[in-house]
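Undergrad: There's a structure below that I have some questions on.
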Amino acid sequence: MPLPTMTHSSAFLLPSSTAPSNPSGGADTTTYALVVLNQRLPRFAPLLWSRARLRVCADGGANRVFDGMPELLPGEDPAEVRTRYKPDVIKGDMDSIRPEVKEYYSNLGTNIVDESHDQDTTDLHKCVSFITSDLPVPEKSNLYILVLGALGGRFDHEMGNINVLYRFSNIKIILLSDDCSIFLLPKTHSHEIHIETSVEGPHCGLIPMGGPSDITTTTGLRWNLDNTSMRYGGLISTSNIVDEDKVTVTSDSDLIWTISLRN
């Protein structure tokens with residue numbers, strides 16, 4: 001019995017003059033939620049902010065919005081920018097947010113959720129749990145959680161953020177930096193990745209981080225895999241090239257997909 005197909009698209013990165021498309025055709029019912037972690041904001045942060053229905057800052061991510069949004073919009077009044085880019089929620093253990101930033105957003109009506117009692121999950125885990133339980137989305141397959149600041153900084157933090165992709169493998173969570181995007185391809189589905197060539201590629205990779213893959217098959221890549229085995233200590237598909245506007249992937253293991261982003 002063939003696996004159900006999961007579709008993926010980076011249309012949310014297209015310029016604001018271009019409406020995000022539905023790769024499956026028909027009416028676009030996609031819902032975006034944005035999570036900001038405690039690393040430098042990428043250049044496209046204002047665009048993604050405008051496309052999100054819910055914006056959640058994880059603890060020190062609020063500092064990044066407070067400081068970084070005016071830097072990304074240097075021609076505008078910083079006070080007006082900070083008012084316009086107000087998080088809906090600040091959530092986490094509150095060990096990184098500056099007191100004046102917390103007070104500023106609290107006075108603007110941002111919901112501050114202190115979860116310092118929970119030291120067993122990461123700030124990203126807390127934010128994803130909040131979004132999936134509180135955001136009214138009839139069909140979770142139409143939800144994209146876009147995460148800024150998950151990459152860079154401490155390596156153990158990066159690994160913790162990638163682990164969240166596995167903890168919520170039924171949700172489309174995309175980790176984004178200025179240089180690349182990363183998301184999980186769960187083995188429960190075959191995958192169609194629709195490439196937006198104006199904003200991403202051509203370099204890409206398929207990484208068997210959760211365990212070895214005995215059989216992975218792809219189309220649309222310069223060096224396709226044909227029932228190929230991948231594992232750490234052996235072959236992994238890094239520095240591959242996207243050759244077509246649609247890439248397909250089927251595997252007996254969960255894989256991490258990553259693709260470069262164009263400046």
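Every chain in the structure tokens takes a letter, A first, then B, and so on in the order presented; its residues are numbered from 1, and the ligands are numbered from 1 following the presented order.
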Please, which residues of range 146-192 of chain A, numbered as in this document, come out helix (DSSP H, G or I) from DSSP, as an mmCIF file with all heavy atoms, in the first residue's frame?
TA:
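Saved as states_17.cif:
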data_model
loop_
_atom_site.group_PDB
_atom_site.id
_atom_site.type_symbol
_atom_site.label_atom_id
_atom_site.label_comp_id
_atom_site.auth_asym_id
_atom_site.auth_seq_id
_atom_site.Cartn_x
_atom_site.Cartn_y
_atom_site.Cartn_z
ATOM 1 N N PHE A 155 26.031 24.577 19.937
ATOM 2 C CA PHE A 155 25.684 23.380 19.178
ATOM 3 C C PHE A 155 24.635 22.543 19.897
ATOM 4 O O PHE A 155 23.737 21.971 19.265
ATOM 5 C CB PHE A 155 26.948 22.545 18.922
ATOM 6 C CG PHE A 155 26.707 21.291 18.140
ATOM 7 C CD1 PHE A 155 26.375 21.342 16.795
ATOM 8 C CD2 PHE A 155 26.828 20.045 18.752
ATOM 9 C CE1 PHE A 155 26.154 20.185 16.073
ATOM 10 C CE2 PHE A 155 26.622 18.881 18.032
ATOM 11 C CZ PHE A 155 26.280 18.953 16.691
ATOM 12 N N ASP A 156 24.701 22.458 21.240
ATOM 13 C CA ASP A 156 23.708 21.652 21.952
ATOM 14 C C ASP A 156 22.325 22.265 21.844
ATOM 15 O O ASP A 156 21.318 21.541 21.795
ATOM 16 C CB ASP A 156 24.117 21.437 23.419
ATOM 17 C CG ASP A 156 24.265 22.736 24.205
ATOM 18 O OD1 ASP A 156 24.596 23.776 23.599
ATOM 19 O OD2 ASP A 156 24.067 22.701 25.439
ATOM 20 N N HIS A 157 22.248 23.607 21.778
ATOM 21 C CA HIS A 157 20.955 24.250 21.542
ATOM 22 C C HIS A 157 20.415 23.889 20.172
ATOM 23 O O HIS A 157 19.217 23.619 20.009
ATOM 24 C CB HIS A 157 21.082 25.769 21.668
ATOM 25 C CG HIS A 157 21.175 26.253 23.081
ATOM 26 N ND1 HIS A 157 21.472 27.570 23.404
ATOM 27 C CD2 HIS A 157 21.010 25.611 24.260
ATOM 28 C CE1 HIS A 157 21.475 27.700 24.717
ATOM 29 N NE2 HIS A 157 21.204 26.534 25.259
ATOM 30 N N GLU A 158 21.287 23.902 19.152
ATOM 31 C CA GLU A 158 20.858 23.525 17.808
ATOM 32 C C GLU A 158 20.324 22.094 17.795
ATOM 33 O O GLU A 158 19.276 21.815 17.186
ATOM 34 C CB GLU A 158 22.017 23.643 16.824
ATOM 35 C CG GLU A 158 22.439 25.059 16.512
ATOM 36 C CD GLU A 158 23.529 25.100 15.455
ATOM 37 O OE1 GLU A 158 24.491 24.307 15.565
ATOM 38 O OE2 GLU A 158 23.409 25.906 14.525
ATOM 39 N N MET A 159 21.024 21.177 18.454
ATOM 40 C CA MET A 159 20.580 19.786 18.488
ATOM 41 C C MET A 159 19.248 19.655 19.240
ATOM 42 O O MET A 159 18.381 18.863 18.866
ATOM 43 C CB MET A 159 21.643 18.899 19.144
ATOM 44 C CG MET A 159 22.917 18.736 18.325
ATOM 45 S SD MET A 159 22.628 17.925 16.715
ATOM 46 C CE MET A 159 22.561 19.371 15.632
ATOM 47 N N GLY A 160 19.097 20.437 20.304
ATOM 48 C CA GLY A 160 17.824 20.428 21.024
ATOM 49 C C GLY A 160 16.684 20.906 20.153
ATOM 50 O O GLY A 160 15.570 20.366 20.213
ATOM 51 N N ASN A 161 16.950 21.917 19.320
ATOM 52 C CA ASN A 161 15.905 22.432 18.427
ATOM 53 C C ASN A 161 15.566 21.425 17.334
ATOM 54 O O ASN A 161 14.397 21.257 16.973
ATOM 55 C CB ASN A 161 16.349 23.763 17.815
ATOM 56 C CG ASN A 161 16.457 24.863 18.849
ATOM 57 O OD1 ASN A 161 15.732 24.865 19.846
ATOM 58 N ND2 ASN A 161 17.363 25.799 18.641
ATOM 59 N N ILE A 162 16.583 20.747 16.799
ATOM 60 C CA ILE A 162 16.317 19.711 15.800
ATOM 61 C C ILE A 162 15.556 18.551 16.437
ATOM 62 O O ILE A 162 14.668 17.947 15.808
ATOM 63 C CB ILE A 162 17.636 19.244 15.151
ATOM 64 C CG1 ILE A 162 18.202 20.369 14.270
ATOM 65 C CG2 ILE A 162 17.426 17.977 14.331
ATOM 66 C CD1 ILE A 162 19.570 20.099 13.703
ATOM 67 N N ASN A 163 15.848 18.254 17.696
ATOM 68 C CA ASN A 163 15.116 17.188 18.394
ATOM 69 C C ASN A 163 13.626 17.499 18.467
ATOM 70 O O ASN A 163 12.787 16.579 18.441
ATOM 71 C CB ASN A 163 15.685 16.998 19.799
ATOM 72 C CG ASN A 163 15.064 15.823 20.522
ATOM 73 O OD1 ASN A 163 15.033 14.709 20.005
ATOM 74 N ND2 ASN A 163 14.559 16.069 21.723
ATOM 75 N N VAL A 164 13.269 18.784 18.558
ATOM 76 C CA VAL A 164 11.852 19.169 18.592
ATOM 77 C C VAL A 164 11.149 18.741 17.302
ATOM 78 O O VAL A 164 9.962 18.382 17.321
ATOM 79 C CB VAL A 164 11.705 20.680 18.839
ATOM 80 C CG1 VAL A 164 10.267 21.143 18.642
ATOM 81 C CG2 VAL A 164 12.164 21.023 20.256
ATOM 82 N N LEU A 165 11.865 18.765 16.165
ATOM 83 C CA LEU A 165 11.260 18.306 14.912
ATOM 84 C C LEU A 165 10.817 16.852 15.044
ATOM 85 O O LEU A 165 9.773 16.462 14.494
ATOM 86 C CB LEU A 165 12.256 18.443 13.761
ATOM 87 C CG LEU A 165 12.859 19.824 13.493
ATOM 88 C CD1 LEU A 165 13.751 19.768 12.253
ATOM 89 C CD2 LEU A 165 11.785 20.884 13.335
ATOM 90 N N TYR A 166 11.608 16.051 15.740
ATOM 91 C CA TYR A 166 11.267 14.636 15.935
ATOM 92 C C TYR A 166 10.168 14.467 16.983
ATOM 93 O O TYR A 166 9.333 13.567 16.873
ATOM 94 C CB TYR A 166 12.517 13.858 16.350
ATOM 95 C CG TYR A 166 13.496 13.646 15.232
ATOM 96 C CD1 TYR A 166 14.417 14.629 14.889
ATOM 97 C CD2 TYR A 166 13.510 12.454 14.505
ATOM 98 C CE1 TYR A 166 15.320 14.444 13.855
ATOM 99 C CE2 TYR A 166 14.407 12.257 13.468
ATOM 100 C CZ TYR A 166 15.310 13.261 13.149
ATOM 101 O OH TYR A 166 16.194 13.069 12.106
ATOM 102 N N ARG A 167 10.173 15.324 18.002
ATOM 103 C CA ARG A 167 9.149 15.229 19.051
ATOM 104 C C ARG A 167 7.764 15.569 18.511
ATOM 105 O O ARG A 167 6.749 15.096 19.027
ATOM 106 C CB ARG A 167 9.502 16.178 20.210
ATOM 107 C CG ARG A 167 10.776 15.845 20.965
ATOM 108 C CD ARG A 167 10.615 14.644 21.875
ATOM 109 N NE ARG A 167 9.666 14.863 22.968
ATOM 110 C CZ ARG A 167 9.998 15.352 24.156
ATOM 111 N NH1 ARG A 167 11.267 15.681 24.420
ATOM 112 N NH2 ARG A 167 9.088 15.485 25.096
#
Undergrad: Please extract the residues of range 12-249 of chain A with a backbone DSSP assignment of strand (DSSP E or B) and present them as number ranges by chain.
TA: A: 31-36, 54-58, 89-92, 111-114, 143-148, 172-176, 180-185, 190-194, 200-207, 213-219, 221, 228-230, 237-242, 246-249
Undergrad: Can you list, as a PyMOL selection string, every protein, DNA or RNA residue that comes within 9 Å of Asn263 in chain A when you count only C-alpha atoms, leaving out same-chain residues fewer than 2 positions away?
TA: chain A and resi 43+178-179+199-200+261
Undergrad: Could you give me, as a PDB file with C-alpha atoms, in the first residue's frame, the residues within 6 Å of Val35 in chain A, counting only C-alpha atoms and dropping anything in the same chain fewer than 6 positions from it?
TA:
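That gives us around.pdb:
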ATOM      1  CA  VAL A  56       5.460  33.711  19.863  1.00  0.00           C
ATOM      2  CA  CYS A  57       8.795  34.768  21.324  1.00  0.00           C
ATOM      3  CA  VAL A 147      11.145  29.149  13.655  1.00  0.00           C
TER       4      VAL A 147
END
Undergrad: Would you mind telling me which residue in A:Asp123, A:Ile145, A:Asn240, A:Met230 lies nearest to Thr31 in chain A when using only C-alpha atoms?
TA: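 Ranking A:Asp123, A:Ile145, A:Asn240, A:Met230 by distance to Thr31 in chain A, first place goes to A:Ile145.
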Undergrad: To one decimal place in Å, what is the distance between CA of Tyr32 in chain A and CA of Leu54 in chain A?
TA: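 Interatomic distance here is 7.4 Å.
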Undergrad: Find the spatial neighbours of range 58-67 of chain A, counting only C-alpha atoms, within a cut-off of 6 Å - ignore same-chain residues fewer than 4 positions away - and output them as a ChimeraX atom specification.
TA: /A:36-38,90-92,94,96-97,123
Undergrad: Would you mind reading off the distance between CA of Ile182 in chain A and CA of Ile256 in chain A, one decimal, in Å?
TA: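 Computing it gives 6.8 Å between the two atoms.
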Undergrad: Mind checking which residues fall within 9 Å of Lys86 in chain A, counting only C-alpha atoms, ignoring those fewer than 2 positions away in the same chain, and posting them as an MDAnalysis selection string?
TA: chainID A and resid 55 65:66 81:84 88:89 105 108:110
Undergrad: Limited to all heavy atoms, could you put the picked residues into a file as a short mmCIF file (atom, residue, chain, number, x, y, z; two decimals), in the first residue's frame?
TA:
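result11.cif, written as the output of this step:
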data_model
loop_
_atom_site.label_atom_id
_atom_site.label_comp_id
_atom_site.auth_asym_id
_atom_site.auth_seq_id
_atom_site.Cartn_x
_atom_site.Cartn_y
_atom_site.Cartn_z
N ARG A 55 2.34 35.07 16.70
CA ARG A 55 3.79 35.29 16.85
C ARG A 55 4.17 35.07 18.31
O ARG A 55 3.67 35.77 19.20
CB ARG A 55 4.18 36.71 16.45
CG ARG A 55 3.85 37.06 15.00
CD ARG A 55 2.58 37.85 14.92
NE ARG A 55 2.33 38.36 13.57
CZ ARG A 55 1.25 39.03 13.24
NH1 ARG A 55 0.32 39.32 14.16
NH2 ARG A 55 1.07 39.45 12.00
N VAL A 65 13.62 40.58 18.97
CA VAL A 65 12.61 41.36 18.26
C VAL A 65 12.73 42.83 18.64
O VAL A 65 12.70 43.72 17.77
CB VAL A 65 11.20 40.81 18.57
CG1 VAL A 65 10.12 41.73 17.99
CG2 VAL A 65 11.04 39.40 18.00
N PHE A 66 12.87 43.10 19.92
CA PHE A 66 12.96 44.48 20.41
C PHE A 66 14.16 45.20 19.78
O PHE A 66 14.05 46.34 19.33
CB PHE A 66 13.09 44.46 21.93
CG PHE A 66 13.07 45.82 22.58
CD1 PHE A 66 11.87 46.41 22.95
CD2 PHE A 66 14.26 46.49 22.84
CE1 PHE A 66 11.86 47.67 23.54
CE2 PHE A 66 14.26 47.74 23.44
CZ PHE A 66 13.04 48.34 23.80
N VAL A 81 8.27 50.96 15.01
CA VAL A 81 8.56 49.58 14.61
C VAL A 81 8.31 48.63 15.78
O VAL A 81 7.68 47.57 15.62
CB VAL A 81 10.01 49.45 14.11
CG1 VAL A 81 10.40 47.98 13.95
CG2 VAL A 81 10.19 50.20 12.80
N ARG A 82 8.76 49.00 16.97
CA ARG A 82 8.59 48.12 18.13
C ARG A 82 7.11 47.95 18.48
O ARG A 82 6.69 46.87 18.90
CB ARG A 82 9.36 48.68 19.33
CG ARG A 82 10.87 48.59 19.16
CD ARG A 82 11.61 48.91 20.44
NE ARG A 82 13.04 48.72 20.26
CZ ARG A 82 13.93 49.70 20.17
NH1 ARG A 82 13.53 50.97 20.29
NH2 ARG A 82 15.20 49.43 19.98
N THR A 83 6.34 48.99 18.29
CA THR A 83 4.90 48.88 18.56
C THR A 83 4.23 47.98 17.54
O THR A 83 3.36 47.17 17.87
CB THR A 83 4.25 50.27 18.53
OG1 THR A 83 4.85 51.10 19.53
CG2 THR A 83 2.76 50.18 18.80
N ARG A 84 4.64 48.10 16.28
CA ARG A 84 4.03 47.32 15.20
C ARG A 84 4.39 45.85 15.30
O ARG A 84 3.55 44.98 15.06
CB ARG A 84 4.45 47.88 13.84
CG ARG A 84 3.70 47.25 12.67
CD ARG A 84 3.85 48.07 11.40
NE ARG A 84 5.10 47.84 10.71
CZ ARG A 84 6.07 48.74 10.54
NH1 ARG A 84 5.94 49.96 11.07
NH2 ARG A 84 7.17 48.46 9.87
N ASP A 88 2.61 38.33 20.20
CA ASP A 88 1.35 37.97 20.84
C ASP A 88 1.60 37.31 22.17
O ASP A 88 0.85 37.52 23.14
CB ASP A 88 0.55 37.03 19.93
CG ASP A 88 0.22 37.64 18.59
OD1 ASP A 88 -0.40 38.72 18.58
OD2 ASP A 88 0.60 37.07 17.56
N VAL A 89 2.65 36.50 22.23
CA VAL A 89 2.96 35.73 23.44
C VAL A 89 4.48 35.69 23.63
O VAL A 89 5.23 35.59 22.67
CB VAL A 89 2.44 34.27 23.32
CG1 VAL A 89 2.77 33.46 24.57
CG2 VAL A 89 0.94 34.25 23.05
N TYR A 105 6.76 45.00 26.60
CA TYR A 105 5.75 44.23 25.88
C TYR A 105 4.53 43.93 26.76
O TYR A 105 3.40 43.87 26.27
CB TYR A 105 6.35 42.94 25.33
CG TYR A 105 7.27 43.17 24.15
CD1 TYR A 105 8.56 42.65 24.15
CD2 TYR A 105 6.85 43.90 23.03
CE1 TYR A 105 9.41 42.86 23.06
CE2 TYR A 105 7.69 44.13 21.95
CZ TYR A 105 8.96 43.60 21.98
OH TYR A 105 9.79 43.80 20.90
N LEU A 108 2.21 46.66 26.48
CA LEU A 108 1.52 46.69 25.20
C LEU A 108 0.46 45.60 25.08
O LEU A 108 -0.25 45.53 24.08
CB LEU A 108 2.52 46.54 24.05
CG LEU A 108 3.44 47.73 23.76
CD1 LEU A 108 4.38 47.40 22.60
CD2 LEU A 108 2.64 48.98 23.45
N GLY A 109 0.36 44.75 26.10
CA GLY A 109 -0.67 43.72 26.09
C GLY A 109 -0.22 42.34 25.68
O GLY A 109 -1.05 41.43 25.52
N THR A 110 1.08 42.13 25.50
CA THR A 110 1.60 40.80 25.17
C THR A 110 1.34 39.84 26.33
O THR A 110 1.52 40.20 27.50
CB THR A 110 3.11 40.86 24.88
OG1 THR A 110 3.32 41.63 23.69
CG2 THR A 110 3.69 39.47 24.68
#
Undergrad: For Leu175 in chain A, please output as a list in words all residues within 7 Å (counting only C-alpha atoms; exclusion window: fewer than 6 positions along the same chain).
TA: Leu146, Val147, Leu148, Ala150, Ser181, Ile182 and Phe183 of chain A
Undergrad: Would you compute the distance between CA of Leu225 in chain A and CA of Asp243 in chain A? Give it in Å to one decimal.
TA: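 Between CA of Leu225 in chain A and CA of Asp243 in chain A the gap works out to 13.6 Å.
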Undergrad: Out of A:Thr248, A:Ser198, A:Asn142, A:Ser239, which residue has the shortest atom-to-atom distance to Thr5 in chain A when counting only C-alpha atoms?
TA: A:Thr248
Undergrad: Go through A:Glu196, A:Asp134, A:Tyr85, A:Val113 and flag the residue nearest Pro15 in chain A, using only C-alpha atoms for the distances.
TA: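 Looking at the shortest contact to Pro15 in chain A, the residue is A:Glu196.
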